[in-house]
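Engineer: My questions all concern the structure below.
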Amino acid sequence: MTQLYPFDNYWAHFGVFTVVVLVFALAGVMAFIYVERRGFGPFQLRMGPNRAGPFGLLQPVADAIKVLLKEDIVPTVADKVVHFLAPVVGFLPVLLIFAVVPFHEGHGLLPDLNVGILYVVAISSLGVVGVFMAGWASNNKYSLIGAVRVIAAMVSYEMPLVLSIIGVVLISGSLSMNAIVNGHDIPFFLLTPLGFLIFLVSAMAEINRGPFDMLEADSEIVAGFHIEYSGMKFAMFYLAEYGHALAMSAIAATLFFRGWVGPGAEYIGVLWFMVKTLIIFVLMIWLRVTFPRLRIDQLMGFAWKFLFPLALINLLIIGGEVVGFDGDIPWWMLFVNFAVAGVLVLVGSKSYRLGGGRVEVKV
Amino acid sequence: MEVRTQPFVLNFGPQHPSTHGVFRMRVTLDGEVVLDVEPRLGYLHRGIEKLAETRTYTQVIPLTDRLAYLSSMMNNHAYVLAVEKLAGITVPERAEYMRVIMDELMRISSHLAAIGFFLNDLGASVFTPLLYMYREREKLLDLFEMVCGQRLTYNYMRIGGLSHDFPDEFLPAVKRFVAEMPAYVDEYERLLAENEILLARAKGVGILPKELAINASASGPVLRASGVKWDIRKADPYSVYDRFDFDIPTGEVGDCYDRYRVRIQEIHQSLRILNQAIEQLPQGGEINAKVPHFLHPPKGEAYGRIESPQGELGFYLVSDNSIAPYRLHIRPPTLINLTALRDMVVGWKVADIIATFGSIDVCLGEIDR
């Protein structure tokens, strides 16, 4: 394996990229908050925030100042230690994910970690622990419902999420993020369109946004797990939510859009990476602002009965292609894959209907 | 070994984002499944029926604005209708047509808000559908403001007529609105009618069977969605509704989706009525009958009812020949529609309570009075 780290000294590399990751994550989250709040405007026939700074650019700063100055309320019946720890446990994994994200060829904290994508999958599930801790410690029934929904949802979408990633891993032949980007000349969202669709939907469930935000479902269980949080602790959950969105967008950009690769990548590779991340995030905003919410049992049914079989079929097809072409899939296979994906999604969506779900109750 | 979960009680409201005001439910849940729903009312009680006994007949009109505040014009109409029946007052024809125009504009506005809030309750949690509905509702509010200077509590109808005549620019504005509105309704239909998640969340959910709907004395879109062709405008025509040609849209199953569909189609029917009313509106002429300043209706009682956007809105008045009503009783349509809520949601999930509740289109100002 070639030495890809830009700094020879291990500690220099570690120190510099820890700061880079932290700055990228926090600045990225602020940028995303602005993009989403401002981006909602045109979707909703309104202006969006435009008072704080030019074009409302300082709105995230204003938000941050607001939550910092707010009173921190802890319910008297709460489990105080767990209540305090939950935002930290929820936020840390989000930062940890960025450790393996390559910002440029070999540039990152651990861009060539040989279990890179496995690490991402493992760490990103950890955030659920924080959410469940919050729901439990708040000693509030709404929180608890939200927390239980998180667990139920996680066991459902995690499976198709991982299976869709395995397709990419099969083609590139490596778990390392850096190697996956260099795995094939064609971006994987073209080569495995079905896998990308499944990944996108599962990732949106993973980050609990858009039509899958039933754990905070403000019209049903008010705010779910963070109903009893205020001030900076609430802001931590808020940061974690957007940080998770940023992380998932970055992972999707790396896995399916070839991360930093683009015209002039030697000089502006980081820019390409950021632009691709932003495009995926805007796609997520678009879906979030458009659709009503699914019910929790519908999400589970959707994940198990629709996404999971599709992910298995996708894996089978890609596996066959990898074996058939001896690991080097020619570019024209993308047309075949697009056709197969189209047919499968159409057949799947015609044969599987959401809805129903009434339970006979003895009164 | 069988593992049983223990049912628990969850308190919905009175402060809750989806209770359309201060509605409170005691919900018994087994996990996500609803075992029982018990509405607790009275958090917005202002004693409007009692207050009415201390006011003259005309002074009660502003109180009625505060009932279903998303359809105030209708409340005015139902009340003055009851008083006119009580005192035997004939309203000039032009005033009747003007009332119909205002009523139908109000119905469109109220249905738009109902559909928007219903989708909001389904969890389009960043308000997008609601804001699209409000785009058109805003135009309607501008029209109302043009006529009576108010955007929410209109206080426009008077006993025997109306407070003002239409300003000159009003009718052209209404014509413009009626002409452009169908395109907007079609836009909503394009976005919503076939929306997969809306279908999944609303179709077959919160079914109110026909028999139950009739037994519960439900009315309005809730009753019509269950397949009963019942509309006060046809069944017991008031004002000049017998002169218009319109259909009563009905649903088939009585689920949340049917209630949504009925409202969309009623917007189309209201536009039809508006077209005819504007055409038939008599030019010029008196808009107020001769009514004494202090009305002393003869001893007796009267019940005036109209088809409000939510259902049958009735005002029951008893007079003792004084200047104030001896007793006023209001039949609020949403309170009576709500009585079937428990049967509609038991066995469904928590999220479906909110969806069904939103599809009934409640207004707490009217339920608690």
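Identifiers in the structure tokens: chain A, B, ... in order shown; residue index from 1 per chain; ligand index from 1 in order shown.
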I'd like the contact shell of Phe315 in chain B - 6 Å cut-off, only C-alpha atoms, skipping same-chain residues fewer than 5 positions apart - returned as a PyMOL selection string.
Structural biologist: chain B and resi 79+303-304+329-330
Engineer: How would the residues just chosen look if you wrote them out with C-alpha atoms as a PDB file, in the first residue's frame?
Structural biologist:
ATOM      1  CA  TYR B  79     -77.284  33.392  13.709  1.00  0.00           C
ATOM      2  CA  TYR B 303     -83.921  27.274  14.892  1.00  0.00           C
ATOM      3  CA  GLY B 304     -81.799  28.503  12.020  1.00  0.00           C
ATOM      4  CA  HIS B 329     -78.088  27.328  22.035  1.00  0.00           C
ATOM      5  CA  ILE B 330     -75.550  26.570  19.351  1.00  0.00           C
TER       6      ILE B 330
END
Engineer: Hey, could you make a per-residue contact list for chain B against chain A with 10 Å as the cut-off, showing the nearest pair of atoms and its distance in Å to one decimal, counting only C-alpha atoms, sorted by chain and number, as a tab-separated table?
Structural biologist:
residue	atom	partner	partner_atom	distance
B:Phe8	CA	A:Lys141	CA	9.1
B:Val9	CA	A:Lys141	CA	8.8
B:Leu10	CA	A:Lys141	CA	6.9
B:Asn11	CA	A:Lys141	CA	8.9
B:Phe12	CA	A:Ile221	CA	8.8
B:Gln15	CA	A:Val222	CA	9.9
B:His16	CA	A:Val222	CA	6.8
B:Pro17	CA	A:Ser219	CA	5.8
B:Ser18	CA	A:Ser219	CA	5.3
B:Thr19	CA	A:Ser219	CA	8.8
B:Asp30	CA	A:Val361	CA	9.9
B:Gly31	CA	A:Ile145	CA	7.9
B:Glu32	CA	A:Ile145	CA	7.9
B:Val33	CA	A:Val359	CA	7.4
B:Val34	CA	A:Val361	CA	8.4
B:Leu35	CA	A:Val361	CA	6.5
B:Asp36	CA	A:Val363	CA	8.0
B:Leu119	CA	A:Pro292	CA	6.9
B:Asn120	CA	A:Ser219	CA	7.4
B:Asp121	CA	A:Ser219	CA	5.5
B:Leu122	CA	A:Pro292	CA	5.8
B:Gly123	CA	A:Arg293	CA	4.6
B:Ala124	CA	A:Pro292	CA	3.9
B:Ser125	CA	A:Asp218	CA	6.9
B:Val126	CA	A:Val289	CA	6.2
B:Phe127	CA	A:Gln44	CA	7.9
B:Thr128	CA	A:Gln44	CA	5.3
B:Pro129	CA	A:Gln44	CA	8.1
B:Leu130	CA	A:Gln44	CA	9.0
B:Leu131	CA	A:Gln44	CA	6.2
B:Tyr132	CA	A:Gln44	CA	7.0
B:Tyr134	CA	A:Leu45	CA	9.9
B:Arg135	CA	A:Leu45	CA	8.0
B:Leu191	CA	A:Thr290	CA	9.3
B:Leu192	CA	A:Phe291	CA	9.5
B:Asn195	CA	A:Phe291	CA	8.3
B:Glu196	CA	A:Leu354	CA	8.3
B:Ile197	CA	A:Pro292	CA	6.4
B:Leu198	CA	A:Pro292	CA	6.6
B:Leu199	CA	A:Gly355	CA	7.5
B:Ala200	CA	A:Gly355	CA	4.3
B:Arg201	CA	A:Gly355	CA	6.3
B:Ala202	CA	A:Gly355	CA	8.0
B:Lys203	CA	A:Gly355	CA	7.0
B:Gly204	CA	A:Gly356	CA	6.4
B:Val205	CA	A:Gly356	CA	7.0
B:Gly206	CA	A:Arg358	CA	9.4
B:Val345	CA	A:Arg358	CA	9.0
B:Val346	CA	A:Val361	CA	7.2
B:Gly347	CA	A:Val359	CA	4.7
B:Trp348	CA	A:Arg358	CA	4.9
B:Lys349	CA	A:Arg358	CA	7.7
B:Val350	CA	A:Glu220	CA	7.2
B:Ala351	CA	A:Glu220	CA	5.9
B:Asp352	CA	A:Arg295	CA	8.3
B:Ile353	CA	A:Glu220	CA	8.6
B:Ile354	CA	A:Glu220	CA	6.4
B:Ala355	CA	A:Glu220	CA	9.1
Engineer: Near Gly311 in chain B, counting only C-alpha atoms, which residues have an atom at most 7 Å away, once you skip same-chain residues fewer than 5 positions from it, shown as an mmCIF file with N, CA and C atoms, in the first residue's frame?
Structural biologist:
data_model
loop_
_atom_site.group_PDB
_atom_site.id
_atom_site.type_symbol
_atom_site.label_atom_id
_atom_site.label_comp_id
_atom_site.auth_asym_id
_atom_site.auth_seq_id
_atom_site.Cartn_x
_atom_site.Cartn_y
_atom_site.Cartn_z
ATOM 1 N N SER B 219 -72.349 15.398 10.255
ATOM 2 C CA SER B 219 -72.850 16.199 9.140
ATOM 3 C C SER B 219 -71.668 16.778 8.379
ATOM 4 N N GLY B 220 -71.969 17.441 7.297
ATOM 5 C CA GLY B 220 -70.910 18.073 6.522
ATOM 6 C C GLY B 220 -70.055 17.069 5.774
ATOM 7 N N PRO B 221 -68.826 17.463 5.421
ATOM 8 C CA PRO B 221 -67.951 16.569 4.649
ATOM 9 C C PRO B 221 -67.722 15.230 5.331
ATOM 10 N N PRO B 333 -71.159 21.891 14.602
ATOM 11 C CA PRO B 333 -71.023 20.661 13.810
ATOM 12 C C PRO B 333 -69.816 19.823 14.203
#
Engineer: Could you give me, as a list of chain:residue names, the residues within 8 Å of Leu126 in chain A, counting only C-alpha atoms and dropping anything in the same chain fewer than 3 positions from it?
Structural biologist: A:Gly90, A:Pro93, A:Ala122, A:Ile123, A:Val129, A:Gly130
Engineer: Dump C-alpha atoms for the selected residues as a tab-separated table (two decimals), in the first residue's frame?
Structural biologist:
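The result, written out as selection-v6.tsv:
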chain	number	residue	atom	x	y	z
A	90	GLY	CA	-25.61	11.48	20.36
A	93	PRO	CA	-20.40	9.47	16.71
A	122	ALA	CA	-20.73	0.79	12.98
A	123	ILE	CA	-20.20	4.32	14.25
A	129	VAL	CA	-27.78	5.05	21.73
A	130	GLY	CA	-27.72	8.75	22.55
Engineer: Among range 86-177 of chain B, which residues does DSSP mark as alpha helix (DSSP H) when it is run on the backbone? Keep the chain and numbering as in the structure and answer as a ChimeraX atom specification.
Structural biologist: /B:86-87,93-121,128-148,170-177
Engineer: Excluding Asp79 in chain A and its own-chain neighbours fewer than 5 positions away, which residues fall within 10 Å of it when counting only C-alpha atoms? Please give them as an mmCIF file with N, CA and C atoms, in the first residue's frame.
Structural biologist:
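Written file, out.cif:
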data_model
loop_
_atom_site.group_PDB
_atom_site.id
_atom_site.type_symbol
_atom_site.label_atom_id
_atom_site.label_comp_id
_atom_site.auth_asym_id
_atom_site.auth_seq_id
_atom_site.Cartn_x
_atom_site.Cartn_y
_atom_site.Cartn_z
ATOM 1 N N VAL A 74 -33.769 20.983 33.298
ATOM 2 C CA VAL A 74 -33.726 19.534 33.503
ATOM 3 C C VAL A 74 -34.961 19.161 34.311
ATOM 4 N N PHE A 84 -27.884 14.196 31.072
ATOM 5 C CA PHE A 84 -26.753 15.053 30.733
ATOM 6 C C PHE A 84 -25.883 14.422 29.651
ATOM 7 N N MET A 133 -31.009 7.074 25.006
ATOM 8 C CA MET A 133 -30.726 7.567 26.356
ATOM 9 C C MET A 133 -31.553 8.808 26.658
ATOM 10 N N ALA A 134 -31.624 9.718 25.697
ATOM 11 C CA ALA A 134 -32.406 10.942 25.891
ATOM 12 C C ALA A 134 -33.866 10.611 26.125
ATOM 13 N N TRP A 136 -35.200 7.878 27.215
ATOM 14 C CA TRP A 136 -35.422 7.179 28.470
ATOM 15 C C TRP A 136 -35.248 8.115 29.660
ATOM 16 N N ALA A 137 -34.172 8.924 29.617
ATOM 17 C CA ALA A 137 -33.834 9.725 30.789
ATOM 18 C C ALA A 137 -34.813 10.866 30.999
ATOM 19 N N SER A 138 -35.480 11.317 29.945
ATOM 20 C CA SER A 138 -36.379 12.454 30.096
ATOM 21 C C SER A 138 -37.585 12.107 30.950
ATOM 22 N N ASN A 139 -37.884 10.814 31.101
ATOM 23 C CA ASN A 139 -39.018 10.382 31.893
ATOM 24 C C ASN A 139 -40.309 11.009 31.381
#
Engineer: Determine, for each residue of range 77-162 of chain A having at least one atom at most 10 Å from an atom of range 249-263 of chain A, the closest pair of atoms and their separation in Å to one decimal, counting only C-alpha atoms; order by chain and ascending number, as JSON lines.
Structural biologist:
{"residue": "A:Ile97", "atom": "CA", "partner": "A:Ile251", "partner_atom": "CA", "distance": 9.0}
{"residue": "A:Phe98", "atom": "CA", "partner": "A:Ala250", "partner_atom": "CA", "distance": 8.5}
{"residue": "A:Val100", "atom": "CA", "partner": "A:Ile251", "partner_atom": "CA", "distance": 9.4}
{"residue": "A:Val101", "atom": "CA", "partner": "A:Ile251", "partner_atom": "CA", "distance": 7.1}
{"residue": "A:Pro102", "atom": "CA", "partner": "A:Gly259", "partner_atom": "CA", "distance": 7.7}
{"residue": "A:Phe103", "atom": "CA", "partner": "A:Trp260", "partner_atom": "CA", "distance": 6.6}
{"residue": "A:His104", "atom": "CA", "partner": "A:Trp260", "partner_atom": "CA", "distance": 5.4}
{"residue": "A:Glu105", "atom": "CA", "partner": "A:Trp260", "partner_atom": "CA", "distance": 7.1}
{"residue": "A:Ile117", "atom": "CA", "partner": "A:Ile251", "partner_atom": "CA", "distance": 8.7}
{"residue": "A:Val120", "atom": "CA", "partner": "A:Ile251", "partner_atom": "CA", "distance": 8.4}
Engineer: Given only C-alpha atoms as the basis, pick out the residue of B:Arg4, B:Asp103, B:Ser110, B:Glu53 nearest to Ile273 in chain B.
Structural biologist: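 Smallest distance to Ile273 in chain B is found for B:Asp103.
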Engineer: Applying 9 Å and only C-alpha atoms, which residues near Met333 in chain A remain after dropping the ones on its own chain fewer than 4 positions away? List them as a list in words.
Structural biologist: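 Residues meeting the cut-off are Leu191, Glu321, Ile329, Asn337 and Phe338 of chain A.
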Engineer: Kindly save the residues from that selection, with C-alpha atoms included, as a PDB file, in the first residue's frame.
Structural biologist:
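Now in result24.pdb:
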ATOM      1  CA  LEU A 191     -23.013   1.840 -12.296  1.00  0.00           C
ATOM      2  CA  GLU A 321     -21.465  -8.964 -12.855  1.00  0.00           C
ATOM      3  CA  ILE A 329     -17.218  -4.178 -15.197  1.00  0.00           C
ATOM      4  CA  ASN A 337     -28.096  -1.787 -14.762  1.00  0.00           C
ATOM      5  CA  PHE A 338     -30.315   1.259 -15.284  1.00  0.00           C
TER       6      PHE A 338
END
Engineer: Between A:Leu110, A:Leu190, A:Met204, A:Val340, which residue has the minimum interatomic distance to Leu287 in chain A, considering only C-alpha atoms?
Structural biologist: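 Among A:Leu110, A:Leu190, A:Met204, A:Val340, it is A:Met204 that comes nearest to Leu287 in chain A.
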Engineer: Ala193 in chain B: which residues within 10 Å, counting only C-alpha atoms, same-chain residues fewer than 3 positions away excluded, as a list in words?
Structural biologist: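 The contact residues come out as Asp186, Glu187, Tyr188, Glu189, Arg190, Glu196, Leu198, Leu199, Tyr257, Tyr260, Arg261 and Ile264 of chain B.
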Engineer: Please dump the current selection as a PDB file, in the first residue's frame; keep C-alpha atoms.
Structural biologist:
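Output file result_19.pdb follows:
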ATOM      1  CA  ASP B 186     -55.858  21.256 -10.130  1.00  0.00           C
ATOM      2  CA  GLU B 187     -52.329  22.017  -9.003  1.00  0.00           C
ATOM      3  CA  TYR B 188     -53.122  20.670  -5.526  1.00  0.00           C
ATOM      4  CA  GLU B 189     -54.685  17.627  -7.101  1.00  0.00           C
ATOM      5  CA  ARG B 190     -51.578  17.008  -9.185  1.00  0.00           C
ATOM      6  CA  GLU B 196     -47.977   7.613  -2.495  1.00  0.00           C
ATOM      7  CA  LEU B 198     -50.648  10.483   1.355  1.00  0.00           C
ATOM      8  CA  LEU B 199     -52.468   7.411   0.030  1.00  0.00           C
ATOM      9  CA  TYR B 257     -58.772  10.204   2.077  1.00  0.00           C
ATOM     10  CA  TYR B 260     -60.003  15.067   1.809  1.00  0.00           C
ATOM     11  CA  ARG B 261     -61.473  14.317  -1.642  1.00  0.00           C
ATOM     12  CA  ILE B 264     -61.496  19.306  -2.817  1.00  0.00           C
TER      13      ILE B 264
END
Engineer: What is the distance between CA of Leu223 in chain B and CA of Val318 in chain B, in Å to one decimal?
Structural biologist: 28.8 Å
Engineer: Tell me which of A:Asn208, A:Gln59, A:Leu283, A:Gly264 sits closest to Phe237 in chain A, counting only C-alpha atoms.
Structural biologist: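 That would be A:Asn208, the residue with the smallest distance to Phe237 in chain A.
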Engineer: Just the strand (DSSP E or B) stuff from range 55-299 of chain B, please, per backbone DSSP, written as a list in words.
Structural biologist: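 Listing strand (DSSP E or B) positions across range 55-299 of chain B yields Met157, Arg158, Gly161, Leu162 and Asn288 of chain B.
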Engineer: Write the residues you've just listed into a file as a PDB file, in the first residue's frame, and include N, CA and C atoms for each of them.
Structural biologist:
ATOM      1  N   MET B 157     -72.644  40.243   8.602  1.00  0.00           N
ATOM      2  CA  MET B 157     -74.085  40.104   8.394  1.00  0.00           C
ATOM      3  C   MET B 157     -74.829  40.845   9.506  1.00  0.00           C
ATOM      4  N   ARG B 158     -75.974  41.397   9.131  1.00  0.00           N
ATOM      5  CA  ARG B 158     -76.829  42.055  10.114  1.00  0.00           C
ATOM      6  C   ARG B 158     -78.208  41.414  10.058  1.00  0.00           C
ATOM      7  N   GLY B 161     -80.149  41.882   6.845  1.00  0.00           N
ATOM      8  CA  GLY B 161     -79.319  42.322   5.726  1.00  0.00           C
ATOM      9  C   GLY B 161     -77.846  42.204   6.022  1.00  0.00           C
ATOM     10  N   LEU B 162     -77.102  43.246   5.596  1.00  0.00           N
ATOM     11  CA  LEU B 162     -75.649  43.226   5.746  1.00  0.00           C
ATOM     12  C   LEU B 162     -75.192  44.601   6.212  1.00  0.00           C
ATOM     13  N   ASN B 288     -80.863  46.099   3.167  1.00  0.00           N
ATOM     14  CA  ASN B 288     -81.285  45.909   4.541  1.00  0.00           C
ATOM     15  C   ASN B 288     -82.795  46.003   4.655  1.00  0.00           C
TER      16      ASN B 288
END
Engineer: Would you work out the distance separating CA of Pro193 in chain A from CA of Gly106 in chain A, expressed in Å to one decimal?
Structural biologist: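 Taking CA of Pro193 in chain A and CA of Gly106 in chain A, their separation equals 26.2 Å.
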